[in-house]
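Asks: Structure below; questions to follow.
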Amino acid sequence: MRKNCIITLGIMAFFAGLLCVSACNHSSSATEKNYRQEMRQLVQEISFYAKQINPDFVIIPQNGVELVSISGDDNGPVDMDYMAAIDGIGQESLNYGYAQDDEETPESENRWIRNFLDMARNNSGIKILVTDYCSDQAKMARSYALNNTNQYISFAADHRALDAIPDYPVPVFNETAKNISNLQQAQNFLYLINPDNAYSTRQDFVDAITHTNYDLIIMDYFYNGQAFTHDQIEALKQKANGGRRLLICYLSIGEAEDYRYYWQADWTIGHPHFVVDENPNWAGNYVVKYWDTGWKDILFGNYNSYLKKIIDAGFDGVYLDIIDAFEYFEDEYTAAN
């Protein structure tokens, strides 16, 4: 109980400091609210809460890579407070999948994104995890080679739905039997967050994963709304070759999802007030005011929060999605003005 009080007081002091940073640290874009800084602050708050409980807990935001730069420019300056809060950055479609699967990402976009990724890696030692969307084996091989040359670890996803273990390559790219105890040691990863699409039961999914040798698995805490058991999570941490790997849990922080345990039957756009709009490309996913206290209370900071459930389940870290939700609000502000 005493330890919990210390954590709470530490969090309160930290959040107060972040509020000051939010008021003082603005990007060059003129918006009513500094939506980018609000997202940085959310990630920093999540990180602080998690690492107070487990200092080794891994924090990996996906996309929204512009947040590494205070100005939003791809030449900096680097936001070192944000860098200190994260351990890695996940990036989709760096080489393939930007417009559609198996299509090469335009060089201008590739270079622009890599400038931010390299800024993060070179200034803070951040681990970069790239997911390319391609099913042609020649393109998958090229994806792995390009990312390896750039000192990124990567996953060539042959299903956009992220619901299957690819048949290629065999063995896993940069496969190793070593124990992986921290993110820097990982040489490859599997990103599979929709297991109920391809596996009949939770245990079928567990059995399939335990026959692989990936260093790191990004997965969902739930299978068709049912949480994985402690024993299943512990089993998933073991590679087929006997080595230990990291198990990272997916968590959307920029959208609410109507298939999650926290979603209430009477929720709709505008109720609760932080639910803003439905994503036209993903039915059941709703843009939220991610800076809102009500939404933050769902995500972290208390024993009933999503993040606390993930930590208690035994995951090694969290993979934060919809970081780029700030773009929705910036576009809305621009359109209105």
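Chain labels follow the order of the structure tokens: the first chain is A, the next B, and so on; residue numbering restarts at 1 in every chain, and ligands are counted from 1 in their shown order.
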If we count only C-alpha atoms, what is near range 92-100 of chain A at a cut-off of 6 Å, once residues fewer than 5 positions away on the same chain are taken out, given as a list of chain:residue names?
Replies: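 My reading of the contact set: A:Thr105, A:Asn110, A:Val130, A:Thr131, A:Asp132, A:Tyr133.
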Asks: Just list as a list in words whatever in range 68-107 of chain A DSSP marks as strand (DSSP E or B).
Replies: Ser69, Val78, Gly88, Ile89, Gly90, Gln91, Glu92, Tyr96 and Glu104 of chain A
Asks: For Thr229 in chain A, list every protein, DNA or RNA residue within 12 Å, evaluated using only C-alpha atoms, and leave out those in the same chain fewer than 6 positions away; present the list as a list of chain:residue names.
Replies: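 Close residues of Thr229 in chain A: A:Arg202, A:Gln203, A:Val206, A:Tyr221, A:Phe222, A:Tyr223, A:Ala235, A:Leu236, A:Lys309, A:Ile310, A:Asp312, A:Ala313, A:Gly314, A:Phe315.
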Asks: Measuring atom to atom with only C-alpha atoms, identify which of A:Lys289, A:Lys237, A:Arg111, A:His159 is nearest to Phe326 in chain A.
Replies: A:Lys289
Asks: Extract, using only C-alpha atoms, all DNA, RNA and protein residues at most 9 Å from Asn213 in chain A, discarding same-chain residues fewer than 2 positions from it, and format them as a CSV table (one decimal) with C-alpha atoms, in the first residue's frame.
Replies:
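As a result, part33.csv now contains:
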chain,number,residue,atom,x,y,z
A,171,PRO,CA,14.2,-19.3,-41.2
A,172,VAL,CA,13.0,-16.1,-39.7
A,175,GLU,CA,16.9,-15.7,-36.4
A,176,THR,CA,18.8,-16.3,-33.1
A,177,ALA,CA,18.4,-18.7,-30.2
A,209,ILE,CA,3.3,-18.7,-32.0
A,210,THR,CA,5.3,-21.0,-29.8
A,211,HIS,CA,6.5,-22.9,-32.9
A,215,ASP,CA,12.6,-12.3,-31.0
A,216,LEU,CA,9.6,-10.1,-30.3
A,238,GLN,CA,9.3,-18.8,-25.2
A,239,LYS,CA,10.8,-19.3,-28.7
A,240,ALA,CA,10.7,-22.8,-30.3
A,241,ASN,CA,14.5,-22.9,-30.1
A,242,GLY,CA,14.4,-22.4,-26.3
A,243,GLY,CA,15.3,-18.7,-26.2
A,245,ARG,CA,11.5,-13.3,-26.3
Asks: Can you pull out the residues contacting Ile253 in chain A? Cut-off 8 Å, using only C-alpha atoms, and skip same-chain residues under 4 positions away; I want them as a list in words.
Replies: Tyr290, Leu299, Leu320, Asp321, Ile322 and Ile323 of chain A
Asks: Tyr303 in chain A: which residues within 12 Å, counting only C-alpha atoms, same-chain residues fewer than 2 positions away excluded, as a list in words?
Replies: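 With the cut-off at 12 Å, the set is Asn4, Thr8, Tyr49, Ala50, Ile53, Asp297, Ile298, Leu299, Phe300, Gly301, Ser305, Tyr306, Leu307, Lys308, Lys309, Ile310, Ile311 and Asp312 of chain A.
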Asks: If you measure from CA of Cys249 in chain A to CA of Leu162 in chain A, what distance in Å do you get, rounded to one decimal?
Replies: 13.8 Å
Asks: Using only C-alpha atoms for the distances, tell me which of A:Asp102, A:Glu66, A:Asp258, A:Glu107 is nearest to Met39 in chain A.
Replies: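 Going through A:Asp102, A:Glu66, A:Asp258, A:Glu107 one by one, the smallest distance to Met39 in chain A is for A:Glu66.
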Asks: Which residue gives the smallest distance to Tyr199 in chain A among A:Ile113, A:Ile165, A:Ala145, A:Ile233, with only C-alpha atoms counted?
Replies: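 With only C-alpha atoms as the atom set, the closest residue is A:Ile165.
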Asks: To test your reading of the structure, identify every residue in range 3-222 of chain A that backbone DSSP assigns to helix (DSSP H, G or I), and report it as a PDB file with C-alpha atoms, in the first residue's frame.
Replies:
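In the end it all went to out-v8.pdb:
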ATOM      1  CA  LYS A   3       4.433   1.693  -2.574  1.00  0.00           C
ATOM      2  CA  ASN A   4       1.160   2.502  -4.334  1.00  0.00           C
ATOM      3  CA  CYS A   5       0.947   5.849  -2.540  1.00  0.00           C
ATOM      4  CA  ILE A   6       4.472   6.721  -3.666  1.00  0.00           C
ATOM      5  CA  ILE A   7       3.591   5.857  -7.240  1.00  0.00           C
ATOM      6  CA  THR A   8       0.460   8.016  -7.103  1.00  0.00           C
ATOM      7  CA  LEU A   9       2.279  11.022  -5.680  1.00  0.00           C
ATOM      8  CA  GLY A  10       5.061  10.632  -8.229  1.00  0.00           C
ATOM      9  CA  ILE A  11       2.558  10.510 -11.057  1.00  0.00           C
ATOM     10  CA  MET A  12       0.772  13.639  -9.803  1.00  0.00           C
ATOM     11  CA  ALA A  13       4.050  15.578  -9.653  1.00  0.00           C
ATOM     12  CA  PHE A  14       5.110  14.325 -13.063  1.00  0.00           C
ATOM     13  CA  PHE A  15       1.779  15.239 -14.678  1.00  0.00           C
ATOM     14  CA  ALA A  16       1.972  18.731 -13.196  1.00  0.00           C
ATOM     15  CA  GLY A  17       5.364  19.144 -14.826  1.00  0.00           C
ATOM     16  CA  LEU A  18       4.012  17.913 -18.132  1.00  0.00           C
ATOM     17  CA  LEU A  19       1.215  20.471 -18.028  1.00  0.00           C
ATOM     18  CA  CYS A  20       3.842  23.175 -17.755  1.00  0.00           C
ATOM     19  CA  VAL A  21       5.750  21.701 -20.681  1.00  0.00           C
ATOM     20  CA  SER A  22       2.535  21.546 -22.706  1.00  0.00           C
ATOM     21  CA  ALA A  23       1.926  25.230 -22.131  1.00  0.00           C
ATOM     22  CA  CYS A  24       5.454  26.276 -22.996  1.00  0.00           C
ATOM     23  CA  TYR A  35      -2.398  18.651 -30.762  1.00  0.00           C
ATOM     24  CA  ARG A  36       1.083  17.249 -31.308  1.00  0.00           C
ATOM     25  CA  GLN A  37       2.242  18.238 -27.868  1.00  0.00           C
ATOM     26  CA  GLU A  38      -0.936  16.788 -26.378  1.00  0.00           C
ATOM     27  CA  MET A  39      -0.071  13.437 -27.969  1.00  0.00           C
ATOM     28  CA  ARG A  40       3.528  13.655 -26.768  1.00  0.00           C
ATOM     29  CA  GLN A  41       2.223  14.379 -23.294  1.00  0.00           C
ATOM     30  CA  LEU A  42      -0.140  11.389 -23.405  1.00  0.00           C
ATOM     31  CA  VAL A  43       2.690   9.051 -24.407  1.00  0.00           C
ATOM     32  CA  GLN A  44       4.934  10.506 -21.687  1.00  0.00           C
ATOM     33  CA  GLU A  45       2.216  10.047 -19.057  1.00  0.00           C
ATOM     34  CA  ILE A  46       1.632   6.450 -20.142  1.00  0.00           C
ATOM     35  CA  SER A  47       5.366   5.780 -20.004  1.00  0.00           C
ATOM     36  CA  PHE A  48       5.796   7.330 -16.576  1.00  0.00           C
ATOM     37  CA  TYR A  49       2.907   5.363 -15.112  1.00  0.00           C
ATOM     38  CA  ALA A  50       4.094   2.052 -16.588  1.00  0.00           C
ATOM     39  CA  LYS A  51       7.756   2.486 -15.656  1.00  0.00           C
ATOM     40  CA  GLN A  52       6.880   3.412 -12.069  1.00  0.00           C
ATOM     41  CA  ILE A  53       5.380  -0.082 -11.824  1.00  0.00           C
ATOM     42  CA  VAL A  65       7.055  10.015 -36.259  1.00  0.00           C
ATOM     43  CA  GLU A  66       7.039  13.809 -36.604  1.00  0.00           C
ATOM     44  CA  LEU A  67       6.621  13.967 -32.834  1.00  0.00           C
ATOM     45  CA  VAL A  68      10.342  13.348 -32.389  1.00  0.00           C
ATOM     46  CA  MET A  80      14.375  14.929 -25.785  1.00  0.00           C
ATOM     47  CA  ASP A  81      11.558  14.661 -23.221  1.00  0.00           C
ATOM     48  CA  TYR A  82       9.563  12.570 -25.685  1.00  0.00           C
ATOM     49  CA  MET A  83      12.640  10.526 -26.571  1.00  0.00           C
ATOM     50  CA  ALA A  84      13.273   9.811 -22.888  1.00  0.00           C
ATOM     51  CA  ALA A  85       9.759   8.395 -22.534  1.00  0.00           C
ATOM     52  CA  GLU A 107      11.084   7.832 -52.471  1.00  0.00           C
ATOM     53  CA  SER A 108      10.153  11.313 -51.223  1.00  0.00           C
ATOM     54  CA  GLU A 109       7.924   9.858 -48.479  1.00  0.00           C
ATOM     55  CA  ASN A 110      10.454   7.177 -47.629  1.00  0.00           C
ATOM     56  CA  ARG A 111      13.243   9.714 -47.212  1.00  0.00           C
ATOM     57  CA  TRP A 112      11.072  12.113 -45.195  1.00  0.00           C
ATOM     58  CA  ILE A 113      10.060   9.373 -42.749  1.00  0.00           C
ATOM     59  CA  ARG A 114      13.597   8.001 -42.480  1.00  0.00           C
ATOM     60  CA  ASN A 115      14.903  11.431 -41.567  1.00  0.00           C
ATOM     61  CA  PHE A 116      12.741  11.358 -38.434  1.00  0.00           C
ATOM     62  CA  LEU A 117      13.515   7.716 -37.656  1.00  0.00           C
ATOM     63  CA  ASP A 118      17.246   8.335 -37.942  1.00  0.00           C
ATOM     64  CA  MET A 119      16.926  11.471 -35.850  1.00  0.00           C
ATOM     65  CA  ALA A 120      15.394   9.394 -33.062  1.00  0.00           C
ATOM     66  CA  ARG A 121      17.905   6.561 -33.367  1.00  0.00           C
ATOM     67  CA  ASN A 122      20.992   8.768 -33.642  1.00  0.00           C
ATOM     68  CA  ASN A 123      20.075  11.107 -30.801  1.00  0.00           C
ATOM     69  CA  SER A 124      18.568   8.685 -28.318  1.00  0.00           C
ATOM     70  CA  GLN A 137       8.593 -12.892 -51.865  1.00  0.00           C
ATOM     71  CA  ALA A 138      11.079 -10.826 -53.844  1.00  0.00           C
ATOM     72  CA  LYS A 139       9.614  -7.666 -52.332  1.00  0.00           C
ATOM     73  CA  MET A 140       9.572  -9.186 -48.863  1.00  0.00           C
ATOM     74  CA  ALA A 141      13.251 -10.062 -49.241  1.00  0.00           C
ATOM     75  CA  ARG A 142      14.015  -6.539 -50.424  1.00  0.00           C
ATOM     76  CA  SER A 143      12.081  -5.080 -47.486  1.00  0.00           C
ATOM     77  CA  TYR A 144      14.157  -7.058 -44.987  1.00  0.00           C
ATOM     78  CA  ALA A 145      17.391  -6.150 -46.757  1.00  0.00           C
ATOM     79  CA  LEU A 146      16.609  -2.420 -46.958  1.00  0.00           C
ATOM     80  CA  ASN A 147      15.583  -2.178 -43.333  1.00  0.00           C
ATOM     81  CA  ASN A 148      18.586  -4.167 -42.188  1.00  0.00           C
ATOM     82  CA  THR A 149      20.889  -1.813 -44.129  1.00  0.00           C
ATOM     83  CA  LEU A 183      14.347  -4.187 -26.931  1.00  0.00           C
ATOM     84  CA  GLN A 184      17.839  -3.366 -28.143  1.00  0.00           C
ATOM     85  CA  GLN A 185      18.655  -7.078 -28.389  1.00  0.00           C
ATOM     86  CA  PRO A 195      -5.689 -13.863 -34.235  1.00  0.00           C
ATOM     87  CA  ASP A 196      -9.423 -14.629 -34.287  1.00  0.00           C
ATOM     88  CA  ASN A 197      -9.370 -14.167 -38.080  1.00  0.00           C
ATOM     89  CA  ARG A 202      -6.857 -18.859 -28.172  1.00  0.00           C
ATOM     90  CA  GLN A 203      -4.820 -21.997 -27.645  1.00  0.00           C
ATOM     91  CA  ASP A 204      -4.496 -22.597 -31.394  1.00  0.00           C
ATOM     92  CA  PHE A 205      -2.936 -19.156 -31.671  1.00  0.00           C
ATOM     93  CA  VAL A 206      -0.615 -19.814 -28.729  1.00  0.00           C
ATOM     94  CA  ASP A 207       0.476 -23.133 -30.202  1.00  0.00           C
ATOM     95  CA  ALA A 208       1.240 -21.521 -33.573  1.00  0.00           C
ATOM     96  CA  ILE A 209       3.314 -18.718 -32.020  1.00  0.00           C
ATOM     97  CA  THR A 210       5.292 -21.043 -29.755  1.00  0.00           C
TER      98      THR A 210
END
Asks: Have a look at CA of Ser71 in chain A and CA of Gly254 in chain A and let me know their distance in Å, one decimal.
Replies: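 Atom-to-atom, CA of Ser71 in chain A and CA of Gly254 in chain A are spaced 21.1 Å apart.
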